[in-house]
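Taking it in order: structure first as structure tokens, then the write-up.
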Amino acid sequence: MTVYRDLSRYEYRENEKEALNVGWLGWRAPIFKRGDVDPLLLNKLKFMSLRATAQTRGFHPCPFCFRGKINIVTLVNSKLVRLGSAQIEVVSNSGVKYISPNLIIHYIEKHSYQPPGIYLDALSESA
């Protein structure tokens, strides 16, 4: 998977040049901030994964799990959602768009990744 520094300009898809990256982690950038994320915000991300964008045909493995775990799922209202092949868009009240791989949910749950505070603030503002 492509690796981008948090809050760097989004460049993965050309039509989203005004967005910022969050959660594009990988083996080339194994150091990231760790900490707790409010379970309500994590749950909000999970619901947002139901309407993920930029769905691809393949799946990216987790670079931090033993042997690159590829079949990664999360449970959202009794529905299994497969992670590793789409993006989640979070827009703040001020209009700043953040784009994350949907694997961000796994990174938070299993590897204690803590996204930047302004991303979490935007997530709490989103509907």
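Residues are named by chain letter and number: chains run A, B, ... in the order of the structure tokens, numbers start at 1 in each chain, and ligands are numbered from 1 in the order shown.
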
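Near range 1-5 of chain A, within 6 Å and counting only C-alpha atoms, sit Ser8, Trp24, Leu25 and Gly26 of chain A; same-chain residues fewer than 2 positions away were not included.
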
Legend entry - Residue neighbourhood Asn77 in chain A, 10 Å, only C-alpha atoms, exclusion window fewer than 3 positions, as JSON, numbers by chain: {"A": [46, 47, 74, 80, 81]}

Prev. selection, N, CA and C atoms, output as a PDB file, in the first residue's frame:
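File produced: result-v1.pdb:
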```pdb
ATOM      1  N   LYS A  46     -16.221   3.199  11.694  1.00  0.00           N
ATOM      2  CA  LYS A  46     -16.745   1.921  11.207  1.00  0.00           C
ATOM      3  C   LYS A  46     -17.997   2.130  10.371  1.00  0.00           C
ATOM      4  N   PHE A  47     -18.903   2.990  10.830  1.00  0.00           N
ATOM      5  CA  PHE A  47     -20.110   3.271  10.053  1.00  0.00           C
ATOM      6  C   PHE A  47     -19.771   3.960   8.741  1.00  0.00           C
ATOM      7  N   THR A  74     -14.066  -5.977   9.986  1.00  0.00           N
ATOM      8  CA  THR A  74     -14.587  -5.338  11.181  1.00  0.00           C
ATOM      9  C   THR A  74     -16.090  -5.554  11.183  1.00  0.00           C
ATOM     10  N   LEU A  80     -20.232  -7.905   8.527  1.00  0.00           N
ATOM     11  CA  LEU A  80     -18.781  -7.933   8.367  1.00  0.00           C
ATOM     12  C   LEU A  80     -18.393  -7.045   7.199  1.00  0.00           C
ATOM     13  N   VAL A  81     -17.456  -6.147   7.454  1.00  0.00           N
ATOM     14  CA  VAL A  81     -16.940  -5.259   6.411  1.00  0.00           C
ATOM     15  C   VAL A  81     -15.475  -5.599   6.227  1.00  0.00           C
TER      16      VAL A  81
END
```

Inset, instruction - Using backbone DSSP assignments, extract all alpha helix (DSSP H) residues from chain A; output them as a list in words. - result: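 The alpha helix (DSSP H) subset of chain A is Pro39, Leu40, Leu41, Leu42, Asn43, Lys44, Leu45, Lys46, Phe47, Met48, Ile104, Ile105, His106, Tyr107, Ile108, Glu109, Lys110, His111, Gly117, Ile118, Tyr119, Leu120, Asp121, Ala122, Leu123, Ser124 and Glu125 of chain A.
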
Please, could you write that set of residues out with C-alpha atoms as a JSON list (two decimals), in the first residue's frame?
```json
[["chain", "number", "residue", "atom", "x", "y", "z"],
["A", 39, "PRO", "CA", -14.64, 4.26, 21.11],
["A", 40, "LEU", "CA", -17.48, 6.49, 19.84],
["A", 41, "LEU", "CA", -15.16, 7.96, 17.19],
["A", 42, "LEU", "CA", -13.92, 4.51, 16.22],
["A", 43, "ASN", "CA", -17.52, 3.38, 15.87],
["A", 44, "LYS", "CA", -18.23, 6.42, 13.69],
["A", 45, "LEU", "CA", -15.32, 5.42, 11.43],
["A", 46, "LYS", "CA", -16.74, 1.92, 11.21],
["A", 47, "PHE", "CA", -20.11, 3.27, 10.05],
["A", 48, "MET", "CA", -18.33, 5.48, 7.53],
["A", 104, "ILE", "CA", -7.24, 2.82, 9.52],
["A", 105, "ILE", "CA", -9.91, 1.02, 11.57],
["A", 106, "HIS", "CA", -7.64, -2.02, 11.95],
["A", 107, "TYR", "CA", -4.62, 0.17, 12.71],
["A", 108, "ILE", "CA", -6.53, 1.85, 15.55],
["A", 109, "GLU", "CA", -8.07, -1.35, 16.94],
["A", 110, "LYS", "CA", -5.09, -3.70, 16.71],
["A", 111, "HIS", "CA", -1.99, -1.50, 16.61],
["A", 117, "GLY", "CA", -6.11, 15.46, 16.82],
["A", 118, "ILE", "CA", -7.52, 17.63, 14.04],
["A", 119, "TYR", "CA", -8.63, 14.49, 12.20],
["A", 120, "LEU", "CA", -10.37, 13.20, 15.32],
["A", 121, "ASP", "CA", -11.98, 16.63, 15.78],
["A", 122, "ALA", "CA", -13.24, 16.53, 12.19],
["A", 123, "LEU", "CA", -14.54, 13.01, 12.74],
["A", 124, "SER", "CA", -16.46, 14.14, 15.81],
["A", 125, "GLU", "CA", -17.98, 17.01, 13.79]]
```

Legend entry - Spatial neighbours of Ile70 in chain A, max dist 10 Å, only C-alpha atoms, sep filter under 2 positions, as number ranges by chain: A: 59-63, 65, 67-68, 72-73, 82-84

Legend entry - Residue neighbourhood Lys33 in chain A, 9 Å, only C-alpha atoms, exclusion window fewer than 5 positions, as JSON, numbers by chain: {"A": [112, 113, 114, 115, 116]}

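Across A:Asp6, A:Ser126, A:Val37, A:Ala19, the tightest approach to Asn93 in chain A is made by A:Ser126 when counting only C-alpha atoms.
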
Inset, instruction - Determine the nearest neighbour of Val90 in chain A from the options A:Ser78, A:Asn71, A:Thr56, A:Asn21, counting only C-alpha atoms. - result: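 Using only C-alpha atoms, Val90 in chain A sits closest to A:Asn21.
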
Inset, instruction - Between CA of Ser94 in chain A and CA of Gly35 in chain A, measure the distance and give it in Å to one decimal. - result: 25.8 Å

Legend entry - Residues near Ser85 in chain A, cut-off 9 Å, only C-alpha atoms, skip fewer than 4 positions along chain, as number ranges by chain: A: 54-60, 101-103

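For the residues A:Leu7, A:Leu75, A:Ala52, A:Val91, ranking by smallest atom-to-atom distance to Leu20 in chain A using only C-alpha atoms places A:Leu7 first.
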
Legend entry - Backbone DSSP call of strand (DSSP E or B) for range 32-126 of chain A, listed as a ChimeraX atom specification: /A:34,53,72-76,79-83,87-91,97-101,113

Residues from last step as file, C-alpha atoms, as an mmCIF file, in the first residue's frame:
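Listing of result_29.cif after writing:
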```
data_model
loop_
_atom_site.group_PDB
_atom_site.id
_atom_site.type_symbol
_atom_site.label_atom_id
_atom_site.label_comp_id
_atom_site.auth_asym_id
_atom_site.auth_seq_id
_atom_site.Cartn_x
_atom_site.Cartn_y
_atom_site.Cartn_z
ATOM 1 C CA ARG A 34 0.102 5.463 19.494
ATOM 2 C CA THR A 53 -15.012 5.417 -1.667
ATOM 3 C CA ILE A 72 -9.079 -8.141 7.763
ATOM 4 C CA VAL A 73 -12.680 -7.490 8.729
ATOM 5 C CA THR A 74 -14.587 -5.338 11.181
ATOM 6 C CA LEU A 75 -18.101 -5.726 12.486
ATOM 7 C CA VAL A 76 -20.606 -2.929 11.842
ATOM 8 C CA LYS A 79 -22.350 -6.903 9.187
ATOM 9 C CA LEU A 80 -18.781 -7.933 8.367
ATOM 10 C CA VAL A 81 -16.940 -5.259 6.411
ATOM 11 C CA ARG A 82 -13.713 -6.286 4.713
ATOM 12 C CA LEU A 83 -10.915 -3.733 5.080
ATOM 13 C CA GLN A 87 -10.995 4.842 1.433
ATOM 14 C CA ILE A 88 -12.889 6.760 4.093
ATOM 15 C CA GLU A 89 -13.462 10.491 3.679
ATOM 16 C CA VAL A 90 -13.887 12.727 6.708
ATOM 17 C CA VAL A 91 -14.807 16.388 6.202
ATOM 18 C CA LYS A 97 -11.267 16.864 3.674
ATOM 19 C CA TYR A 98 -9.179 14.033 5.099
ATOM 20 C CA ILE A 99 -8.828 10.745 3.245
ATOM 21 C CA SER A 100 -7.781 7.508 4.933
ATOM 22 C CA PRO A 101 -7.528 3.904 3.827
ATOM 23 C CA TYR A 113 -2.553 3.984 15.977
#
```

Inset, instruction - Measure the distance from CA of Arg51 in chain A to CA of Glu18 in chain A in Å and round it to one decimal. - result: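 A separation of 20.4 Å between them.
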